[in-house]
$ cat input_39.cif   # mmCIF, N, CA and C atoms and all ligand atoms
data_target
loop_
_atom_site.label_atom_id
_atom_site.label_comp_id
_atom_site.auth_asym_id
_atom_site.auth_seq_id
_atom_site.Cartn_x
_atom_site.Cartn_y
_atom_site.Cartn_z
N MET A 1 211.67 71.19 233.34
CA MET A 1 211.34 71.02 234.79
C MET A 1 212.31 70.02 235.42
N ASP A 2 213.15 70.49 236.36
CA ASP A 2 214.07 69.55 237.01
C ASP A 2 213.39 68.90 238.21
N LYS A 3 214.02 67.82 238.69
CA LYS A 3 213.42 67.01 239.76
C LYS A 3 213.17 67.82 241.03
N LYS A 4 214.15 68.68 241.37
CA LYS A 4 214.04 69.46 242.61
C LYS A 4 212.80 70.38 242.57
N THR A 5 212.61 71.03 241.43
CA THR A 5 211.46 71.93 241.28
C THR A 5 210.15 71.14 241.33
N LEU A 6 210.14 69.97 240.68
CA LEU A 6 208.93 69.14 240.67
C LEU A 6 208.58 68.71 242.10
N ILE A 7 209.59 68.27 242.87
CA ILE A 7 209.34 67.85 244.25
C ILE A 7 208.78 69.02 245.07
N LYS A 8 209.33 70.20 244.84
CA LYS A 8 208.86 71.39 245.57
C LYS A 8 207.39 71.68 245.25
N LYS A 9 207.04 71.56 243.98
CA LYS A 9 205.66 71.82 243.58
C LYS A 9 204.71 70.74 244.12
N LEU A 10 205.16 69.48 244.10
CA LEU A 10 204.32 68.40 244.65
C LEU A 10 204.13 68.59 246.15
N ASN A 11 205.15 69.12 246.82
CA ASN A 11 205.01 69.40 248.25
C ASN A 11 204.00 70.52 248.50
N GLY A 12 203.96 71.50 247.60
CA GLY A 12 202.94 72.55 247.68
C GLY A 12 201.55 71.93 247.53
N ASP A 13 201.42 70.98 246.61
CA ASP A 13 200.14 70.29 246.41
C ASP A 13 199.77 69.47 247.64
N LEU A 14 200.77 68.82 248.24
CA LEU A 14 200.51 68.00 249.44
C LEU A 14 200.00 68.89 250.58
N ALA A 15 200.63 70.06 250.75
CA ALA A 15 200.18 70.99 251.80
C ALA A 15 198.73 71.41 251.54
N GLU A 16 198.37 71.59 250.27
CA GLU A 16 196.98 71.96 249.94
C GLU A 16 196.02 70.82 250.27
N GLU A 17 196.44 69.58 250.04
CA GLU A 17 195.57 68.43 250.37
C GLU A 17 195.40 68.32 251.89
N PHE A 18 196.49 68.54 252.64
CA PHE A 18 196.35 68.54 254.11
C PHE A 18 195.37 69.64 254.53
N GLY A 19 195.48 70.80 253.88
CA GLY A 19 194.55 71.91 254.16
C GLY A 19 193.12 71.51 253.85
N ALA A 20 192.92 70.81 252.73
CA ALA A 20 191.56 70.39 252.33
C ALA A 20 190.97 69.43 253.37
N ILE A 21 191.82 68.54 253.91
CA ILE A 21 191.34 67.59 254.92
C ILE A 21 190.89 68.34 256.18
N ILE A 22 191.69 69.30 256.61
CA ILE A 22 191.33 70.12 257.79
C ILE A 22 190.05 70.90 257.49
N GLN A 23 189.98 71.45 256.27
CA GLN A 23 188.81 72.24 255.88
C GLN A 23 187.53 71.40 255.96
N TYR A 24 187.54 70.19 255.40
CA TYR A 24 186.31 69.38 255.39
C TYR A 24 185.94 68.90 256.79
N ILE A 25 186.93 68.54 257.60
CA ILE A 25 186.60 68.08 258.96
C ILE A 25 186.00 69.22 259.79
N THR A 26 186.63 70.41 259.72
CA THR A 26 186.13 71.51 260.57
C THR A 26 184.82 72.07 260.03
N TYR A 27 184.68 72.16 258.70
CA TYR A 27 183.43 72.68 258.14
C TYR A 27 182.27 71.71 258.45
N ALA A 28 182.53 70.41 258.38
CA ALA A 28 181.46 69.44 258.69
C ALA A 28 180.99 69.65 260.13
N ALA A 29 181.93 69.95 261.02
CA ALA A 29 181.56 70.17 262.42
C ALA A 29 180.76 71.46 262.58
N LYS A 30 181.07 72.47 261.74
CA LYS A 30 180.48 73.80 261.90
C LYS A 30 179.15 73.99 261.18
N ALA A 31 178.76 73.07 260.31
CA ALA A 31 177.50 73.24 259.56
C ALA A 31 176.34 73.30 260.55
N THR A 32 175.41 74.25 260.31
CA THR A 32 174.29 74.43 261.25
C THR A 32 172.95 74.46 260.51
N GLY A 33 171.88 74.48 261.29
CA GLY A 33 170.55 74.70 260.72
C GLY A 33 169.90 73.43 260.20
N PRO A 34 168.72 73.60 259.56
CA PRO A 34 167.95 72.43 259.13
C PRO A 34 168.67 71.56 258.10
N TYR A 35 169.64 72.16 257.36
CA TYR A 35 170.36 71.37 256.35
C TYR A 35 171.68 70.81 256.86
N ARG A 36 171.89 70.94 258.18
CA ARG A 36 173.15 70.46 258.76
C ARG A 36 173.46 68.99 258.39
N PRO A 37 172.49 68.07 258.49
CA PRO A 37 172.85 66.67 258.19
C PRO A 37 173.39 66.50 256.76
N GLN A 38 172.71 67.14 255.79
CA GLN A 38 173.16 67.00 254.40
C GLN A 38 174.52 67.65 254.17
N LEU A 39 174.68 68.88 254.73
CA LEU A 39 175.94 69.60 254.50
C LEU A 39 177.12 68.89 255.15
N ALA A 40 176.92 68.46 256.40
CA ALA A 40 178.01 67.77 257.10
C ALA A 40 178.38 66.50 256.34
N GLN A 41 177.35 65.78 255.88
CA GLN A 41 177.58 64.55 255.12
C GLN A 41 178.31 64.84 253.81
N PHE A 42 177.92 65.93 253.16
CA PHE A 42 178.57 66.31 251.90
C PHE A 42 180.06 66.61 252.14
N PHE A 43 180.36 67.41 253.16
CA PHE A 43 181.77 67.74 253.44
C PHE A 43 182.56 66.45 253.75
N LEU A 44 181.97 65.59 254.55
CA LEU A 44 182.70 64.37 254.95
C LEU A 44 182.88 63.41 253.77
N SER A 45 181.95 63.49 252.81
CA SER A 45 182.03 62.56 251.67
C SER A 45 183.21 62.90 250.75
N GLU A 46 183.73 64.12 250.85
CA GLU A 46 184.88 64.51 250.01
C GLU A 46 186.20 64.04 250.62
N LEU A 47 186.17 63.78 251.93
CA LEU A 47 187.42 63.48 252.66
C LEU A 47 188.22 62.30 252.11
N PRO A 48 187.59 61.14 251.80
CA PRO A 48 188.40 60.00 251.36
C PRO A 48 189.23 60.30 250.10
N ASP A 49 188.65 61.07 249.15
CA ASP A 49 189.41 61.42 247.94
C ASP A 49 190.63 62.26 248.31
N GLU A 50 190.43 63.25 249.19
CA GLU A 50 191.55 64.14 249.54
C GLU A 50 192.63 63.35 250.30
N GLN A 51 192.19 62.44 251.13
CA GLN A 51 193.18 61.62 251.85
C GLN A 51 193.99 60.77 250.87
N MET A 52 193.31 60.20 249.87
CA MET A 52 194.02 59.40 248.87
C MET A 52 195.00 60.25 248.07
N HIS A 53 194.58 61.49 247.75
CA HIS A 53 195.49 62.39 247.02
C HIS A 53 196.73 62.68 247.88
N ALA A 54 196.51 62.96 249.16
CA ALA A 54 197.64 63.28 250.06
C ALA A 54 198.58 62.08 250.17
N GLN A 55 198.01 60.88 250.31
CA GLN A 55 198.85 59.69 250.42
C GLN A 55 199.65 59.45 249.16
N TYR A 56 198.98 59.62 248.01
CA TYR A 56 199.69 59.43 246.74
C TYR A 56 200.85 60.41 246.64
N LEU A 57 200.59 61.69 246.93
CA LEU A 57 201.64 62.72 246.78
C LEU A 57 202.80 62.45 247.74
N ALA A 58 202.51 62.10 248.99
CA ALA A 58 203.57 61.83 249.97
C ALA A 58 204.44 60.67 249.48
N ASN A 59 203.81 59.60 249.00
CA ASN A 59 204.56 58.46 248.48
C ASN A 59 205.42 58.84 247.27
N LYS A 60 204.84 59.63 246.38
CA LYS A 60 205.56 60.00 245.16
C LYS A 60 206.76 60.89 245.49
N ILE A 61 206.59 61.81 246.44
CA ILE A 61 207.68 62.70 246.85
C ILE A 61 208.84 61.87 247.40
N VAL A 62 208.54 60.87 248.22
CA VAL A 62 209.59 60.00 248.76
C VAL A 62 210.23 59.19 247.63
N ALA A 63 209.41 58.66 246.72
CA ALA A 63 209.94 57.88 245.60
C ALA A 63 210.91 58.72 244.75
N LEU A 64 210.63 60.02 244.66
CA LEU A 64 211.50 60.90 243.86
C LEU A 64 212.74 61.34 244.65
N GLY A 65 212.82 60.93 245.92
CA GLY A 65 213.99 61.28 246.74
C GLY A 65 213.79 62.51 247.59
N GLY A 66 212.54 62.98 247.73
CA GLY A 66 212.25 64.18 248.52
C GLY A 66 211.73 63.84 249.91
N GLU A 67 211.45 64.89 250.65
CA GLU A 67 210.92 64.75 252.01
C GLU A 67 209.52 65.37 252.02
N PRO A 68 208.48 64.58 252.36
CA PRO A 68 207.13 65.16 252.32
C PRO A 68 206.94 66.24 253.39
N THR A 69 206.27 67.31 253.02
CA THR A 69 206.03 68.41 253.95
C THR A 69 205.14 67.98 255.10
N LEU A 70 205.29 68.67 256.24
CA LEU A 70 204.41 68.46 257.39
C LEU A 70 203.47 69.65 257.55
N GLU A 71 203.56 70.59 256.61
CA GLU A 71 202.75 71.81 256.70
C GLU A 71 201.41 71.62 255.98
N ALA A 72 200.39 72.30 256.51
CA ALA A 72 199.10 72.34 255.82
C ALA A 72 198.86 73.76 255.32
N ALA A 73 198.32 73.89 254.13
CA ALA A 73 197.95 75.22 253.61
C ALA A 73 196.84 75.79 254.51
N PRO A 74 196.81 77.12 254.69
CA PRO A 74 195.79 77.72 255.55
C PRO A 74 194.37 77.49 255.00
N VAL A 75 193.44 77.27 255.90
CA VAL A 75 192.04 77.06 255.53
C VAL A 75 191.32 78.41 255.62
N PRO A 76 190.57 78.79 254.57
CA PRO A 76 189.86 80.07 254.65
C PRO A 76 188.84 80.07 255.79
N GLU A 77 188.79 81.20 256.49
CA GLU A 77 187.81 81.31 257.57
C GLU A 77 186.43 81.45 256.95
N ALA A 78 185.45 80.77 257.52
CA ALA A 78 184.09 80.85 256.98
C ALA A 78 183.13 80.74 258.14
N ARG A 79 182.19 81.68 258.23
CA ARG A 79 181.28 81.67 259.38
C ARG A 79 179.96 81.00 259.10
N THR A 80 179.40 81.26 257.92
CA THR A 80 178.07 80.70 257.63
C THR A 80 178.19 79.46 256.74
N ASN A 81 177.09 78.73 256.65
CA ASN A 81 177.06 77.57 255.75
C ASN A 81 177.45 77.99 254.33
N ARG A 82 176.86 79.10 253.90
CA ARG A 82 177.13 79.54 252.52
C ARG A 82 178.60 79.91 252.33
N ASP A 83 179.19 80.63 253.31
CA ASP A 83 180.63 80.96 253.26
C ASP A 83 181.46 79.69 253.10
N MET A 84 181.07 78.66 253.85
CA MET A 84 181.85 77.42 253.81
C MET A 84 181.76 76.77 252.43
N VAL A 85 180.53 76.71 251.89
CA VAL A 85 180.37 76.05 250.58
C VAL A 85 181.10 76.86 249.50
N GLU A 86 181.06 78.20 249.62
CA GLU A 86 181.78 79.02 248.64
C GLU A 86 183.30 78.84 248.76
N ALA A 87 183.78 78.72 250.01
CA ALA A 87 185.22 78.51 250.21
C ALA A 87 185.65 77.16 249.63
N VAL A 88 184.77 76.16 249.78
CA VAL A 88 185.06 74.83 249.23
C VAL A 88 185.11 74.90 247.69
N LEU A 89 184.18 75.65 247.10
CA LEU A 89 184.18 75.77 245.64
C LEU A 89 185.49 76.41 245.16
N GLY A 90 185.92 77.47 245.85
CA GLY A 90 187.19 78.12 245.49
C GLY A 90 188.35 77.15 245.60
N ALA A 91 188.37 76.35 246.67
CA ALA A 91 189.48 75.41 246.89
C ALA A 91 189.49 74.32 245.82
N GLU A 92 188.31 73.80 245.48
CA GLU A 92 188.24 72.72 244.49
C GLU A 92 188.60 73.22 243.09
N ARG A 93 188.18 74.44 242.78
CA ARG A 93 188.58 75.01 241.48
C ARG A 93 190.09 75.22 241.43
N GLY A 94 190.64 75.68 242.55
CA GLY A 94 192.10 75.87 242.63
C GLY A 94 192.83 74.55 242.44
N ALA A 95 192.32 73.48 243.07
CA ALA A 95 192.96 72.17 242.96
C ALA A 95 192.90 71.67 241.52
N THR A 96 191.76 71.88 240.85
CA THR A 96 191.62 71.47 239.46
C THR A 96 192.67 72.17 238.59
N ARG A 97 192.81 73.49 238.80
CA ARG A 97 193.82 74.26 238.04
C ARG A 97 195.23 73.77 238.33
N ARG A 98 195.53 73.54 239.62
CA ARG A 98 196.89 73.13 239.99
C ARG A 98 197.26 71.78 239.38
N TYR A 99 196.34 70.81 239.44
CA TYR A 99 196.68 69.47 238.93
C TYR A 99 196.71 69.44 237.40
N THR A 100 195.94 70.31 236.76
CA THR A 100 196.02 70.40 235.30
C THR A 100 197.42 70.86 234.91
N GLU A 101 197.91 71.88 235.61
CA GLU A 101 199.26 72.40 235.34
C GLU A 101 200.32 71.35 235.71
N ARG A 102 200.12 70.70 236.87
CA ARG A 102 201.11 69.72 237.34
C ARG A 102 201.20 68.51 236.40
N ALA A 103 200.07 68.08 235.83
CA ALA A 103 200.08 66.94 234.90
C ALA A 103 200.93 67.29 233.68
N ARG A 104 200.80 68.53 233.23
CA ARG A 104 201.59 69.00 232.08
C ARG A 104 203.08 69.00 232.45
N GLU A 105 203.38 69.46 233.65
CA GLU A 105 204.78 69.53 234.08
C GLU A 105 205.38 68.12 234.27
N ALA A 106 204.55 67.18 234.76
CA ALA A 106 205.03 65.81 234.95
C ALA A 106 205.34 65.17 233.60
N GLU A 107 204.51 65.48 232.61
CA GLU A 107 204.72 64.99 231.24
C GLU A 107 206.05 65.53 230.71
N GLU A 108 206.25 66.83 230.93
CA GLU A 108 207.46 67.51 230.48
C GLU A 108 208.70 66.92 231.19
N PHE A 109 208.53 66.56 232.46
CA PHE A 109 209.62 65.96 233.24
C PHE A 109 209.91 64.53 232.76
N GLY A 110 208.89 63.91 232.15
CA GLY A 110 209.08 62.57 231.59
C GLY A 110 208.57 61.45 232.47
N ASP A 111 207.69 61.78 233.42
CA ASP A 111 207.12 60.75 234.32
C ASP A 111 205.66 60.53 233.93
N LYS A 112 205.45 59.55 233.05
CA LYS A 112 204.10 59.32 232.51
C LYS A 112 203.14 58.85 233.61
N GLY A 113 203.64 57.98 234.51
CA GLY A 113 202.79 57.48 235.60
C GLY A 113 202.25 58.61 236.45
N LEU A 114 203.13 59.55 236.77
CA LEU A 114 202.72 60.71 237.58
C LEU A 114 201.72 61.56 236.80
N ALA A 115 202.00 61.77 235.51
CA ALA A 115 201.11 62.60 234.69
C ALA A 115 199.70 62.00 234.66
N VAL A 116 199.62 60.67 234.49
CA VAL A 116 198.31 59.99 234.41
C VAL A 116 197.58 60.10 235.75
N GLN A 117 198.32 59.89 236.84
CA GLN A 117 197.70 59.99 238.18
C GLN A 117 197.18 61.41 238.43
N LEU A 118 197.97 62.41 238.03
CA LEU A 118 197.55 63.80 238.25
C LEU A 118 196.31 64.11 237.41
N GLU A 119 196.22 63.50 236.24
CA GLU A 119 195.02 63.71 235.42
C GLU A 119 193.80 63.07 236.09
N ASP A 120 193.98 61.93 236.72
CA ASP A 120 192.90 61.32 237.50
C ASP A 120 192.46 62.28 238.61
N MET A 121 193.43 62.94 239.20
CA MET A 121 193.12 63.87 240.29
C MET A 121 192.40 65.11 239.76
N VAL A 122 192.69 65.51 238.52
CA VAL A 122 191.93 66.59 237.89
C VAL A 122 190.46 66.16 237.78
N ARG A 123 190.24 64.92 237.38
CA ARG A 123 188.86 64.41 237.28
C ARG A 123 188.18 64.44 238.64
N ASP A 124 188.85 63.97 239.70
CA ASP A 124 188.26 63.99 241.04
C ASP A 124 187.90 65.41 241.46
N GLU A 125 188.89 66.33 241.34
CA GLU A 125 188.68 67.70 241.83
C GLU A 125 187.63 68.44 241.01
N SER A 126 187.58 68.18 239.70
CA SER A 126 186.55 68.88 238.91
C SER A 126 185.18 68.29 239.23
N GLY A 127 185.12 67.00 239.57
CA GLY A 127 183.86 66.41 240.05
C GLY A 127 183.42 67.08 241.35
N HIS A 128 184.38 67.30 242.26
CA HIS A 128 184.06 67.98 243.53
C HIS A 128 183.54 69.39 243.25
N SER A 129 184.19 70.12 242.33
CA SER A 129 183.70 71.50 242.11
C SER A 129 182.34 71.51 241.45
N GLU A 130 182.07 70.57 240.55
CA GLU A 130 180.75 70.56 239.91
C GLU A 130 179.65 70.26 240.93
N GLU A 131 179.94 69.34 241.83
CA GLU A 131 178.97 68.99 242.88
C GLU A 131 178.71 70.21 243.77
N THR A 132 179.79 70.89 244.15
CA THR A 132 179.68 72.06 245.03
C THR A 132 178.94 73.20 244.33
N GLU A 133 179.24 73.37 243.05
CA GLU A 133 178.60 74.44 242.28
C GLU A 133 177.08 74.21 242.22
N ARG A 134 176.67 72.95 242.11
CA ARG A 134 175.23 72.66 242.06
C ARG A 134 174.55 72.88 243.40
N ILE A 135 175.30 72.68 244.49
CA ILE A 135 174.73 72.97 245.81
C ILE A 135 174.47 74.47 245.94
N LEU A 136 175.34 75.28 245.37
CA LEU A 136 175.20 76.74 245.49
C LEU A 136 174.09 77.30 244.60
N ARG A 137 173.72 76.55 243.54
CA ARG A 137 172.65 77.01 242.66
C ARG A 137 171.35 77.05 243.44
N GLU A 138 170.61 78.13 243.30
CA GLU A 138 169.31 78.28 243.97
C GLU A 138 169.40 77.96 245.46
N TRP A 139 170.46 78.51 246.07
CA TRP A 139 170.67 78.36 247.51
C TRP A 139 169.47 78.98 248.25
N PRO A 140 168.81 78.25 249.14
CA PRO A 140 167.65 78.82 249.84
C PRO A 140 168.07 79.90 250.83
N LEU A 141 167.34 80.96 250.92
CA LEU A 141 167.70 81.98 251.90
C LEU A 141 166.48 82.60 252.56
FE FE B 1 192.39 66.58 246.49
FE FE B 2 188.67 67.93 246.19
#

$ encode --input "input_39.cif" --output "structure tokens" --more "lines below"
Ligand SMILES: [Fe+2]
Ligand SMILES: [Fe+2]
Amino acid sequence: MDKKTLIKKLNGDLAEEFGAIIQYITYAAKATGPYRPQLAQFFLSELPDEQMHAQYLANKIVALGGEPTLEAAPVPEARTNRDMVEAVLGAERGATRRYTERAREAEEFGDKGLAVQLEDMVRDESGHSEETERILREWPL
């Protein structure tokens, strides 16, 4: 894995984190019904982690000599509360997979600090997916 490829992949991850931030802010606004307070609070509670991930990635990209992207990955459209929670589960599982792969690539590149940080992010994202998965269990309808 050369530096240029690694920077490109980290920029892809940064765009996904920007997308996650947009996703949580807009979904929190769109949550409706009797469970609105809990759902909005749940979406907003994920935001600080995603912001920290985005900040870390932007800093690391600059440290490696790259230019951080200004693009955000597209947010899946979701109309109902359940659609939103399912879209969040898909996004968090995707993030867990991406950072697992990226940690391996950072190790291969020889940047132990980056590899360790990416593994921390695997822990955060898998925590987010487990929490989301439990919300979907026995969803009231
Ligand atoms: Fe994240
Ligand atoms: Fe997350």

$ closest_residue --input "input_39.cif" --among "A:Leu6, A:Ala73, A:Met121, A:Val88" --to "ligand FE 1 (chain B)" --atoms "only N, CA and C atoms and all ligand atoms"
A:Met121

$ closest_atom_pairs --input "input_39.cif" --of "range 28-129 of chain A" --to "range 133-138 of chain A" --cutoff "8 Å" --atoms "only C-alpha atoms" --output "Markdown table"
| residue | atom | partner | partner_atom | distance |
| --- | --- | --- | --- | --- |
| A:Arg82 | CA | A:Leu136 | CA | 7.8 |
| A:Val85 | CA | A:Leu136 | CA | 7.3 |
| A:Glu86 | CA | A:Leu136 | CA | 7.6 |
| A:Leu89 | CA | A:Glu133 | CA | 6.6 |
| A:Ser129 | CA | A:Glu133 | CA | 5.9 |

$ residues_around --input "input_39.cif" --residues "Glu108 in chain A" --least-positions-apart "6" --cutoff "12 Å" --atoms "only C-alpha atoms" --output "PyMOL selection string"
chain A and resi 1-3+6+101-102+114-115

$ closest_residue --input "input_39.cif" --among "A:His53, A:Arg104, A:Lys8, A:Arg123" --to "ligand FE 1 (chain B)" --atoms "only N, CA and C atoms and all ligand atoms"
A:His53

$ residues_near_ligand --input "input_39.cif" --ligand "ligand FE 1 (chain B)" --cutoff "10 Å" --atoms "only C-alpha atoms and all ligand atoms" --output "MDAnalysis selection string"
chainID A and resid 13:14 16:21 46:54 91:92 95:96 99 121:122 124:126 128

$ atom_distance --input "input_39.cif" --atom1 "CA of Pro76 in chain A" --atom2 "CA of Ile7 in chain A"
25.2 Å

$ closest_residue --input "input_39.cif" --among "A:Gln41, A:Glu105, A:Gly127, A:Gly12" --to "ligand FE 2 (chain B)" --atoms "all atoms listed in the file"
A:Gly127

$ atom_distance --input "input_39.cif" --atom1 "CA of Tyr35 in chain A" --atom2 "atom N of Pro74 in chain A"
27.1 Å

$ closest_residue --input "input_39.cif" --among "A:Ala15, A:Lys4, A:Ala28, A:Pro140" --to "Gly65 in chain A" --atoms "only C-alpha atoms"
A:Lys4

$ closest_residue --input "input_39.cif" --among "A:Ala40, A:Val116, A:Leu57, A:Leu10" --to "Tyr24 in chain A" --atoms "all atoms listed in the file"
A:Ala40

$ select_by_dssp --input "input_39.cif" --residues "range 20-122 of chain A" --states "alpha helix (DSSP H)" --output "count of residues only"
79

$ build_atoms --input "input_39.cif" --residues "range 75-98 of chain A" --atoms "N, CA, C and O atoms" --output "tab-separated table (two decimals), in the frame of the given file"
chain	number	residue	atom	x	y	z
A	75	VAL	N	193.44	77.27	255.90
A	75	VAL	CA	192.04	77.06	255.53
A	75	VAL	C	191.32	78.41	255.62
A	75	VAL	O	191.45	79.10	256.64
A	76	PRO	N	190.57	78.79	254.57
A	76	PRO	CA	189.86	80.07	254.65
A	76	PRO	C	188.84	80.07	255.79
A	76	PRO	O	188.15	79.08	256.01
A	77	GLU	N	188.79	81.20	256.49
A	77	GLU	CA	187.81	81.31	257.57
A	77	GLU	C	186.43	81.45	256.95
A	77	GLU	O	186.26	82.18	255.96
A	78	ALA	N	185.45	80.77	257.52
A	78	ALA	CA	184.09	80.85	256.98
A	78	ALA	C	183.13	80.74	258.14
A	78	ALA	O	183.27	79.84	258.97
A	79	ARG	N	182.19	81.68	258.23
A	79	ARG	CA	181.28	81.67	259.38
A	79	ARG	C	179.96	81.00	259.10
A	79	ARG	O	179.44	80.24	259.91
A	80	THR	N	179.40	81.26	257.92
A	80	THR	CA	178.07	80.70	257.63
A	80	THR	C	178.19	79.46	256.74
A	80	THR	O	179.24	79.22	256.15
A	81	ASN	N	177.09	78.73	256.65
A	81	ASN	CA	177.06	77.57	255.75
A	81	ASN	C	177.45	77.99	254.33
A	81	ASN	O	178.24	77.32	253.68
A	82	ARG	N	176.86	79.10	253.90
A	82	ARG	CA	177.13	79.54	252.52
A	82	ARG	C	178.60	79.91	252.33
A	82	ARG	O	179.21	79.57	251.31
A	83	ASP	N	179.19	80.63	253.31
A	83	ASP	CA	180.63	80.96	253.26
A	83	ASP	C	181.46	79.69	253.10
A	83	ASP	O	182.43	79.65	252.36
A	84	MET	N	181.07	78.66	253.85
A	84	MET	CA	181.85	77.42	253.81
A	84	MET	C	181.76	76.77	252.43
A	84	MET	O	182.76	76.34	251.87
A	85	VAL	N	180.53	76.71	251.89
A	85	VAL	CA	180.37	76.05	250.58
A	85	VAL	C	181.10	76.86	249.50
A	85	VAL	O	181.74	76.29	248.62
A	86	GLU	N	181.06	78.20	249.62
A	86	GLU	CA	181.78	79.02	248.64
A	86	GLU	C	183.30	78.84	248.76
A	86	GLU	O	184.01	78.79	247.76
A	87	ALA	N	183.78	78.72	250.01
A	87	ALA	CA	185.22	78.51	250.21
A	87	ALA	C	185.65	77.16	249.63
A	87	ALA	O	186.72	77.02	249.04
A	88	VAL	N	184.77	76.16	249.78
A	88	VAL	CA	185.06	74.83	249.23
A	88	VAL	C	185.11	74.90	247.69
A	88	VAL	O	186.02	74.35	247.07
A	89	LEU	N	184.18	75.65	247.10
A	89	LEU	CA	184.18	75.77	245.64
A	89	LEU	C	185.49	76.41	245.16
A	89	LEU	O	186.12	75.92	244.21
A	90	GLY	N	185.92	77.47	245.85
A	90	GLY	CA	187.19	78.12	245.49
A	90	GLY	C	188.35	77.15	245.60
A	90	GLY	O	189.21	77.10	244.72
A	91	ALA	N	188.37	76.35	246.67
A	91	ALA	CA	189.48	75.41	246.89
A	91	ALA	C	189.49	74.32	245.82
A	91	ALA	O	190.54	73.95	245.30
A	92	GLU	N	188.31	73.80	245.48
A	92	GLU	CA	188.24	72.72	244.49
A	92	GLU	C	188.60	73.22	243.09
A	92	GLU	O	189.24	72.51	242.32
A	93	ARG	N	188.18	74.44	242.78
A	93	ARG	CA	188.58	75.01	241.48
A	93	ARG	C	190.09	75.22	241.43
A	93	ARG	O	190.73	74.97	240.41
A	94	GLY	N	190.64	75.68	242.55
A	94	GLY	CA	192.10	75.87	242.63
A	94	GLY	C	192.83	74.55	242.44
A	94	GLY	O	193.83	74.48	241.73
A	95	ALA	N	192.32	73.48	243.07
A	95	ALA	CA	192.96	72.17	242.96
A	95	ALA	C	192.90	71.67	241.52
A	95	ALA	O	193.87	71.11	241.00
A	96	THR	N	191.76	71.88	240.85
A	96	THR	CA	191.62	71.47	239.46
A	96	THR	C	192.67	72.17	238.59
A	96	THR	O	193.35	71.54	237.77
A	97	ARG	N	192.81	73.49	238.80
A	97	ARG	CA	193.82	74.26	238.04
A	97	ARG	C	195.23	73.77	238.33
A	97	ARG	O	196.03	73.56	237.42
A	98	ARG	N	195.53	73.54	239.62
A	98	ARG	CA	196.89	73.13	239.99
A	98	ARG	C	197.26	71.78	239.38
A	98	ARG	O	198.36	71.61	238.85
